[in-house]
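Student: Next comes my_file-v3.csv, CSV, C-alpha atoms:
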chain,number,residue,atom,x,y,z
S,1,MET,CA,136.6,240.1,95.7
S,2,GLN,CA,139.7,238.3,94.8
S,3,LYS,CA,139.9,236.9,98.4
S,4,LYS,CA,136.3,235.8,98.2
S,5,GLU,CA,136.9,234.0,95.0
S,6,ILE,CA,139.9,232.3,96.5
S,7,GLU,CA,137.9,231.2,99.5
S,8,LEU,CA,135.0,230.0,97.3
S,9,SER,CA,137.5,228.1,95.2
S,10,LYS,CA,138.9,226.4,98.3
S,11,SER,CA,135.5,225.6,99.6
S,12,LYS,CA,134.6,224.2,96.3
S,13,ASP,CA,137.7,222.0,96.3
S,14,ALA,CA,137.0,220.9,99.8
S,15,LEU,CA,133.4,220.0,98.9
S,16,MET,CA,134.6,218.1,95.9
S,17,ASP,CA,137.1,216.2,98.0
S,18,ALA,CA,134.4,215.4,100.5
S,19,MET,CA,132.1,214.1,97.8
S,20,LYS,CA,134.8,211.9,96.4
S,21,MET,CA,135.4,210.5,99.9
S,22,ASP,CA,131.6,209.8,100.3
S,23,LYS,CA,131.4,208.1,96.9
S,24,SER,CA,134.3,205.8,97.8
S,25,GLU,CA,132.7,205.0,101.1
S,26,ILE,CA,129.3,204.3,99.4
S,27,GLU,CA,131.0,201.9,97.0
S,28,GLY,CA,132.7,200.2,99.9
S,29,LEU,CA,129.5,199.9,101.7
S,30,LYS,CA,127.8,198.5,98.7
S,31,THR,CA,130.6,195.9,98.3
S,32,GLN,CA,130.2,195.0,101.9
S,33,LEU,CA,126.4,194.6,101.5
S,34,ALA,CA,127.0,192.3,98.5
S,35,GLU,CA,129.4,190.2,100.5
S,36,ILE,CA,127.0,190.0,103.4
S,37,SER,CA,124.2,188.9,101.0
S,38,ALA,CA,126.4,186.3,99.5
S,39,ALA,CA,127.4,185.1,103.0
S,40,ARG,CA,123.7,184.8,103.9
S,41,ASN,CA,123.0,182.7,100.8
S,42,GLU,CA,125.9,180.5,101.7
S,43,ASN,CA,124.7,180.2,105.3
S,44,SER,CA,121.2,179.2,104.0
S,45,ILE,CA,122.7,176.5,101.8
S,46,LEU,CA,124.8,175.3,104.6
S,47,ARG,CA,121.7,175.1,106.9
S,48,THR,CA,119.8,173.2,104.3
S,49,ARG,CA,122.7,170.7,104.0
S,50,ILE,CA,123.0,170.4,107.7
S,51,SER,CA,119.2,169.6,107.9
S,52,GLU,CA,119.6,166.9,105.3
S,53,LEU,CA,122.6,165.4,107.0
S,54,GLU,CA,120.8,165.4,110.4
S,55,ALA,CA,117.8,163.6,108.7
S,56,GLU,CA,120.1,161.0,107.2
S,57,LEU,CA,121.8,160.6,110.6
S,58,SER,CA,118.4,160.1,112.3
S,59,VAL,CA,117.6,157.2,110.0
S,60,LEU,CA,120.9,155.4,110.7
S,61,PRO,CA,121.0,153.1,113.7
S,62,SER,CA,122.5,154.3,116.8
S,63,ALA,CA,125.9,153.1,118.0
S,64,ASP,CA,124.2,150.6,120.4
S,65,SER,CA,122.0,149.2,117.7
S,66,TYR,CA,125.1,148.9,115.4
S,67,ARG,CA,126.9,147.0,118.2
S,68,ASN,CA,123.9,144.8,118.8
S,69,ASN,CA,123.6,144.0,115.1
S,70,VAL,CA,127.3,143.1,115.0
S,71,ALA,CA,126.9,140.9,118.0
S,72,ALA,CA,123.8,139.1,116.5
S,73,THR,CA,125.7,138.6,113.2
S,74,GLU,CA,128.6,137.1,115.0
S,75,ALA,CA,126.3,134.8,117.0
S,76,LYS,CA,124.6,133.6,113.7
S,77,ILE,CA,128.0,133.0,112.1
S,78,SER,CA,129.1,131.0,115.2
S,79,TYR,CA,125.8,128.9,115.1
S,80,LEU,CA,126.2,128.3,111.3
S,81,GLU,CA,129.8,127.2,111.8
S,82,LYS,CA,128.7,124.7,114.5
S,83,ALA,CA,125.8,123.5,112.4
S,84,LEU,CA,128.2,123.0,109.4
S,85,THR,CA,130.6,121.0,111.6
S,86,GLY,CA,127.7,118.9,112.9
S,87,ALA,CA,126.5,118.3,109.4
S,88,GLN,CA,129.9,117.3,108.2
S,89,THR,CA,130.2,114.9,111.1
S,90,GLU,CA,126.8,113.4,110.4
S,91,ALA,CA,127.6,113.1,106.7
S,92,MET,CA,130.8,111.2,107.6
S,93,LYS,CA,128.9,108.9,109.9
S,94,LEU,CA,126.4,108.2,107.1
S,95,ARG,CA,129.1,107.5,104.6
S,96,GLU,CA,130.7,105.1,107.1
S,97,ALA,CA,127.3,103.4,107.6
S,98,VAL,CA,126.8,103.1,103.8
S,99,ASN,CA,130.2,101.6,103.5
S,100,GLN,CA,129.5,99.1,106.2
S,101,ALA,CA,126.1,98.1,104.8
S,102,ASN,CA,126.1,95.1,102.7
S,103,PRO,CA,124.4,95.9,99.3
S,104,GLU,CA,124.8,92.2,98.3
S,105,ALA,CA,122.2,91.2,101.0
S,106,ALA,CA,119.6,93.7,99.5
S,107,VAL,CA,120.3,92.3,96.1
S,108,ARG,CA,119.8,88.7,97.3
S,109,GLU,CA,116.6,89.6,99.1
S,110,LYS,CA,115.3,91.3,95.9
S,111,GLU,CA,116.2,88.2,93.8
S,112,MET,CA,114.5,86.0,96.4
S,113,LEU,CA,111.3,88.1,96.3
S,114,GLN,CA,111.3,88.1,92.6
S,115,GLN,CA,111.6,84.4,92.4
S,116,ARG,CA,108.8,84.0,95.0
S,117,ILE,CA,106.6,86.2,92.9
S,118,VAL,CA,107.4,84.2,89.8
S,119,ASP,CA,106.5,81.0,91.6
S,120,LEU,CA,103.2,82.4,92.8
S,121,GLU,CA,102.3,83.7,89.4
S,122,ALA,CA,103.1,80.2,87.9
S,123,THR,CA,100.9,78.6,90.5
S,124,LEU,CA,98.0,81.0,89.8
S,125,ARG,CA,98.3,80.5,86.0
S,126,SER,CA,98.3,76.7,86.5
S,127,VAL,CA,95.2,76.8,88.7
S,128,ILE,CA,93.4,79.1,86.3
S,129,LYS,CA,94.3,76.9,83.4
S,130,SER,CA,93.0,73.9,85.2
S,131,ARG,CA,89.8,75.7,86.0
S,132,GLU,CA,89.3,76.6,82.3
S,133,ALA,CA,90.0,73.0,81.3
S,134,ASN,CA,87.5,71.6,83.8
S,135,THR,CA,84.3,71.7,81.9
S,136,LYS,CA,82.3,69.7,84.5
S,137,ALA,CA,82.7,72.2,87.3
S,138,GLU,CA,80.3,75.2,86.9
S,139,ARG,CA,82.5,77.4,89.1
S,140,PHE,CA,86.1,77.0,90.3
S,141,SER,CA,87.3,78.4,93.6
S,142,PHE,CA,90.5,78.0,95.6
S,143,ALA,CA,90.5,76.2,98.9
S,144,PRO,CA,90.3,78.8,101.7
S,145,GLU,CA,93.7,77.8,103.0
S,146,GLU,CA,95.3,78.3,99.6
S,147,CYS,CA,93.6,81.7,99.2
S,148,VAL,CA,94.8,82.9,102.6
S,149,TYR,CA,98.3,81.7,102.0
S,150,LEU,CA,98.6,83.3,98.5
S,151,PHE,CA,96.9,86.5,99.6
S,152,GLU,CA,98.9,86.9,102.8
S,153,THR,CA,102.2,86.2,100.9
S,154,LEU,CA,101.4,88.7,98.2
S,155,THR,CA,100.1,91.3,100.6
S,156,THR,CA,103.2,91.0,102.9
S,157,THR,CA,105.5,91.3,99.9
S,158,ALA,CA,103.6,94.3,98.5
S,159,ASN,CA,103.6,96.1,101.9
S,160,ARG,CA,107.3,95.5,102.4
S,161,LEU,CA,108.2,96.9,98.9
S,162,ALA,CA,105.6,99.7,98.8
S,163,GLN,CA,108.2,102.3,100.0
S,164,SER,CA,111.2,100.8,98.2
S,165,PRO,CA,111.9,102.6,95.0
S,166,GLU,CA,114.5,100.2,93.9
S,167,ASN,CA,112.0,97.3,94.2
S,168,ARG,CA,109.2,99.1,92.4
S,169,ASP,CA,109.0,96.4,89.7
S,170,VAL,CA,108.6,93.6,92.2
S,171,TYR,CA,105.9,95.6,94.0
S,172,ALA,CA,104.0,96.1,90.8
S,173,ARG,CA,104.1,92.4,90.1
S,174,ALA,CA,102.8,91.6,93.6
S,175,ARG,CA,99.9,94.0,93.1
S,176,ASP,CA,99.2,92.4,89.7
S,177,SER,CA,99.2,89.0,91.3
S,178,ILE,CA,96.6,90.2,93.8
S,179,ALA,CA,94.5,91.5,90.9
S,180,ILE,CA,94.8,88.0,89.3
S,181,LEU,CA,93.3,86.5,92.4
S,182,GLU,CA,90.4,88.9,92.2
S,183,LYS,CA,89.8,88.2,88.6
S,184,SER,CA,89.8,84.5,89.1
S,185,ASN,CA,87.2,84.9,91.8
S,186,ALA,CA,89.5,83.2,94.3
S,187,ILE,CA,89.0,86.2,96.5
S,188,GLN,CA,86.2,88.8,96.6
S,189,ARG,CA,86.6,92.4,97.5
S,190,ILE,CA,84.4,93.6,100.4
S,191,GLN,CA,81.9,96.3,99.4
S,192,THR,CA,82.5,99.6,101.2
S,193,ILE,CA,81.4,103.0,99.9
S,194,GLY,CA,77.7,103.6,100.5
S,195,GLU,CA,77.3,100.4,102.5
S,196,THR,CA,76.5,100.1,106.2
S,197,PHE,CA,79.5,99.7,108.5
S,198,ASP,CA,79.8,96.1,109.7
S,199,GLY,CA,82.5,95.5,112.3
S,200,LYS,CA,82.9,91.9,111.2
S,201,VAL,CA,84.3,92.9,107.8
S,202,HIS,CA,85.1,96.6,108.2
S,203,LYS,CA,87.6,98.4,110.3
S,204,ALA,CA,86.9,102.1,111.1
S,205,ALA,CA,89.9,104.3,110.7
S,206,ARG,CA,88.0,107.6,111.1
S,207,SER,CA,84.4,108.7,112.0
S,208,PHE,CA,82.6,111.9,111.0
S,209,LYS,CA,79.4,113.5,112.3
S,210,ASN,CA,76.6,114.2,109.9
S,211,ASP,CA,72.8,114.5,110.0
S,212,PHE,CA,71.9,114.1,106.4
S,213,LEU,CA,73.2,110.6,105.6
S,214,PRO,CA,72.1,107.2,106.9
S,215,ASP,CA,73.7,106.3,110.2
S,216,ASN,CA,76.9,104.1,110.0
S,217,ILE,CA,77.3,104.7,106.2
S,218,ILE,CA,80.7,104.2,104.8
S,219,ILE,CA,81.9,107.4,103.2
S,220,LYS,CA,85.4,106.4,102.1
S,221,GLU,CA,87.6,103.4,101.6
S,222,GLU,CA,91.1,103.8,103.0
S,223,GLY,CA,92.2,100.2,102.4
S,224,PRO,CA,90.5,97.3,100.6
S,225,GLY,CA,89.2,94.2,102.3
S,226,PHE,CA,88.9,90.7,100.9
S,227,VAL,CA,87.0,87.5,101.6
S,228,SER,CA,87.3,84.0,100.2
S,229,GLY,CA,83.8,82.5,100.1
S,230,THR,CA,82.6,82.9,103.7
S,231,ARG,CA,86.1,83.2,105.2
S,232,LEU,CA,87.5,86.7,106.0
S,233,ILE,CA,91.0,87.3,104.7
S,234,GLN,CA,91.4,91.0,105.4
S,235,LYS,CA,89.1,93.7,106.8
S,236,ALA,CA,88.4,96.8,104.7
S,237,VAL,CA,89.7,100.0,106.4
S,238,VAL,CA,87.0,102.7,106.0
S,239,TRP,CA,85.7,106.1,107.1
S,240,VAL,CA,82.2,106.1,108.8
S,241,GLY,CA,79.5,108.7,109.0
S,242,LYS,CA,77.5,108.8,112.2
S,243,SER,CA,74.2,110.5,112.9
S,244,VAL,CA,72.7,108.2,115.6
S,245,PHE,CA,74.5,107.1,118.8
S,246,ASN,CA,73.8,104.1,121.0
S,247,CYS,CA,75.6,103.2,124.1
S,248,THR,CA,78.2,100.5,123.5
S,249,GLU,CA,77.8,99.1,127.0
S,250,CYS,CA,74.0,98.9,127.6
S,251,PHE,CA,72.9,99.6,123.9
S,252,ASN,CA,70.6,102.4,125.1
S,253,ALA,CA,69.5,104.8,122.3
S,254,CYS,CA,70.7,108.3,123.1
S,255,ARG,CA,69.3,111.6,122.0
S,256,PRO,CA,71.2,113.9,119.6
S,257,HIS,CA,72.3,116.4,122.3
S,258,GLU,CA,73.6,113.8,124.7
S,259,TYR,CA,77.3,113.0,124.9
S,260,PHE,CA,77.0,110.4,127.7
S,261,CYS,CA,74.6,107.6,128.1
S,262,PRO,CA,71.8,108.7,130.5
S,263,LYS,CA,71.4,105.1,131.7
S,264,CYS,CA,74.9,104.0,132.5
S,265,GLY,CA,76.9,107.2,132.2
S,266,LEU,CA,79.4,105.8,129.6
S,267,GLU,CA,80.7,108.4,127.1
S,268,LEU,CA,79.3,107.9,123.6
S,269,THR,CA,81.8,107.0,120.9
S,270,ALA,CA,82.0,106.2,117.2
S,271,PRO,CA,83.2,102.9,115.7
S,272,ASP,CA,86.8,104.1,115.6
S,273,GLY,CA,86.7,105.1,119.3
S,274,THR,CA,86.4,108.9,118.8
S,275,SER,CA,84.1,110.5,121.4
S,276,LYS,CA,81.0,112.1,120.1
S,277,ARG,CA,81.9,115.5,121.3
S,278,ASP,CA,85.3,115.4,119.5
S,279,MET,CA,84.0,114.0,116.2
S,280,PRO,CA,84.6,116.3,113.2
S,281,GLN,CA,82.0,117.2,110.6
S,282,HIS,CA,81.6,115.4,107.3
S,283,PRO,CA,84.7,116.0,105.1
S,284,THR,CA,84.4,118.1,102.0
S,285,GLU,CA,87.1,116.4,99.8
S,286,LEU,CA,85.9,116.2,96.3
S,287,GLU,CA,87.0,112.7,95.1
S,288,PRO,CA,85.6,110.5,97.9
S,289,ASN,CA,82.4,112.5,98.0
S,290,ILE,CA,81.9,112.0,94.2
S,291,LEU,CA,82.2,108.2,94.7
S,292,LEU,CA,79.7,108.4,97.7
S,293,LEU,CA,77.4,110.6,95.7
S,294,ASP,CA,77.3,108.1,92.8
S,295,LYS,CA,76.5,105.3,95.2
S,296,LEU,CA,73.7,107.2,96.8
S,297,ILE,CA,72.2,108.0,93.4
S,298,ASP,CA,72.4,104.3,92.5
S,299,LEU,CA,70.6,103.4,95.7
S,300,GLY,CA,67.9,105.9,94.9
S,301,ASN,CA,68.6,108.0,98.0
S,302,LEU,CA,68.2,111.3,96.2
S,303,LYS,CA,67.5,113.4,99.4
S,304,ALA,CA,70.8,112.4,100.9
S,305,ALA,CA,72.6,112.9,97.6
S,306,SER,CA,71.2,116.5,97.3
S,307,ALA,CA,72.2,117.3,100.8
S,308,LEU,CA,75.7,116.0,100.1
S,309,ILE,CA,76.0,118.1,96.9
S,310,ALA,CA,74.9,121.2,98.8
S,311,LEU,CA,77.6,120.6,101.4
S,312,VAL,CA,80.5,119.9,99.0
S,313,SER,CA,79.5,122.7,96.7
S,314,ARG,CA,80.2,125.2,99.4
S,315,GLU,CA,83.9,124.2,99.2
S,316,HIS,CA,83.9,123.6,95.5
S,317,PRO,CA,81.5,126.1,93.9
S,318,GLY,CA,80.8,125.6,90.2
S,319,ASN,CA,82.4,122.1,90.0
S,320,ALA,CA,81.4,120.4,86.7
S,321,GLU,CA,81.1,117.0,88.3
S,322,LEU,CA,78.8,118.2,91.0
S,323,THR,CA,76.7,120.2,88.6
S,324,LYS,CA,76.3,117.2,86.3
S,325,ARG,CA,75.0,115.0,89.2
S,326,GLN,CA,72.8,117.8,90.5
S,327,THR,CA,71.1,118.0,87.1
S,328,LEU,CA,70.7,114.2,87.1
S,329,ILE,CA,69.0,114.3,90.5
S,330,SER,CA,66.7,117.1,89.5
S,331,SER,CA,65.7,115.2,86.4
S,332,ALA,CA,65.0,112.1,88.4
S,333,GLU,CA,63.0,114.0,91.0
S,334,ARG,CA,60.8,115.6,88.2
S,335,THR,CA,60.3,112.1,86.7
S,336,PHE,CA,59.1,110.8,90.1
S,337,ILE,CA,56.8,113.7,90.6
S,338,THR,CA,55.3,113.2,87.1
S,339,SER,CA,54.8,109.5,87.6
S,340,ASP,CA,53.1,110.1,91.0
S,341,ASN,CA,50.7,112.6,89.4
With the file now loaded, output its structure as structure tokens.

Tutor:
Amino acid sequence: MQKKEIELSKSKDALMDAMKMDKSEIEGLKTQLAEISAARNENSILRTRISELEAELSVLPSADSYRNNVAATEAKISYLEKALTGAQTEAMKLREAVNQANPEAAVREKEMLQQRIVDLEATLRSVIKSREANTKAERFSFAPEECVYLFETLTTTANRLAQSPENRDVYARARDSIAILEKSNAIQRIQTIGETFDGKVHKAARSFKNDFLPDNIIIKEEGPGFVSGTRLIQKAVVWVGKSVFNCTECFNACRPHEYFCPKCGLELTAPDGTSKRDMPQHPTELEPNILLLDKLIDLGNLKAASALIALVSREHPGNAELTKRQTLISSAERTFITSDN
């Protein structure tokens, strides 16, 4: 019995030692598992970071693109440097030209023109004063030669100074002198807007195609024209509206769809020389069309005026000036209908 107890005690001790060893191994395994789990988490974080870095790298230009950008930038810098050098050279030349220019000559010319204007104004005032003092004459008028001389002198002076800011005062006096000629009835302004184009007193600058206005109607004045009595001083520069075309060679009346004269074969053209097939449609600018509209209403051509309002209103809907004139036309049409009934 004693031996068995000893053996059992030894077996028990052996089992206890074995259990202690298993527990230590289990703890070690648990520790290893925790380390493995932490490593996996770190690996997951690293993979995420790697994906982010790869995405950022994909957005960045490639090495070739970078080199191309650098080359393009260097080329631009070289071009700008050359342009700067050229600009500096040009500026130097301009400075030399300004230094070589004689400002005294410009001053003398200005003084001469001013004196010329003063002399002409004095002449005009003297003539107007003598006209007022002459009670026997019902109407005074310049001699045609005097009108032509005065007008051409003033017009030439005004045209030369129109684009000269430093001579703006002289230009204004020249224009005022032309106005004095008009007021004194020494020259008469040629009527344009709404009138029929006449090559004797009008010069066509542009022509437009329309089928709602009278043929050869003047739709805009680009430059004034003047006469003195029956003598032409300067033609008025105008825009013309065309709806009917006649051959300029054989004067044959052509149909609307024809671009060449069926009789002689000549191409149909407008007064300014524009061919019929290249002619633009009626312009829709507001200001000149308002003036033309008022003229049509004064002439009683309400049908053409209504058609013109309809055209311009498409480009300027709700315009107060157009609405006012449309109301006036409608009222006039109702008045005519009532009077007819």

Student: Just to confirm, what's the straight-line distance from CA of Ile178 (chain S) to CA of Thr153 (chain S) in Å (one decimal)?

Tutor: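 Going from CA of Ile178 (chain S) over to CA of Thr153 (chain S), I get 9.9 Å.
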
Student: Which residue, S:Thr156, S:Ser275, S:Asn319, S:Gln326, has the smallest gap to Phe260 (chain S) when you use all atoms listed in the file?

Tutor: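 Closest to Phe260 (chain S), using all atoms listed in the file: S:Ser275.
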
Student: Calculated over all atoms listed in the file, which of the candidates S:Lys235, S:Phe245, S:Lys30, S:Ile309 has the smallest distance to Ser330 (chain S)?

Tutor: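 That would be S:Ile309, the residue with the smallest distance to Ser330 (chain S).
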
Student: From the list S:Ser44, S:Thr31, S:Leu302, S:Ala55, which residue is nearest Ser331 (chain S) when using all atoms listed in the file?

Tutor: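 Nearest candidate to Ser331 (chain S) out of S:Ser44, S:Thr31, S:Leu302, S:Ala55: S:Leu302.
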
Student: Which of these residues is nearest to Phe197 (chain S), using only C-alpha atoms: S:Val237, S:Cys261, S:Ala39, S:Ile180?

Tutor: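 Counting only C-alpha atoms, the residue closest to Phe197 (chain S) is S:Val237.
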
Student: Expressed in Å to a single decimal, how great is the separation between CA of Arg175 (chain S) and CA of Leu232 (chain S)?

Tutor: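 One can read the CA of Arg175 (chain S) to CA of Leu232 (chain S) distance as 19.3 Å.
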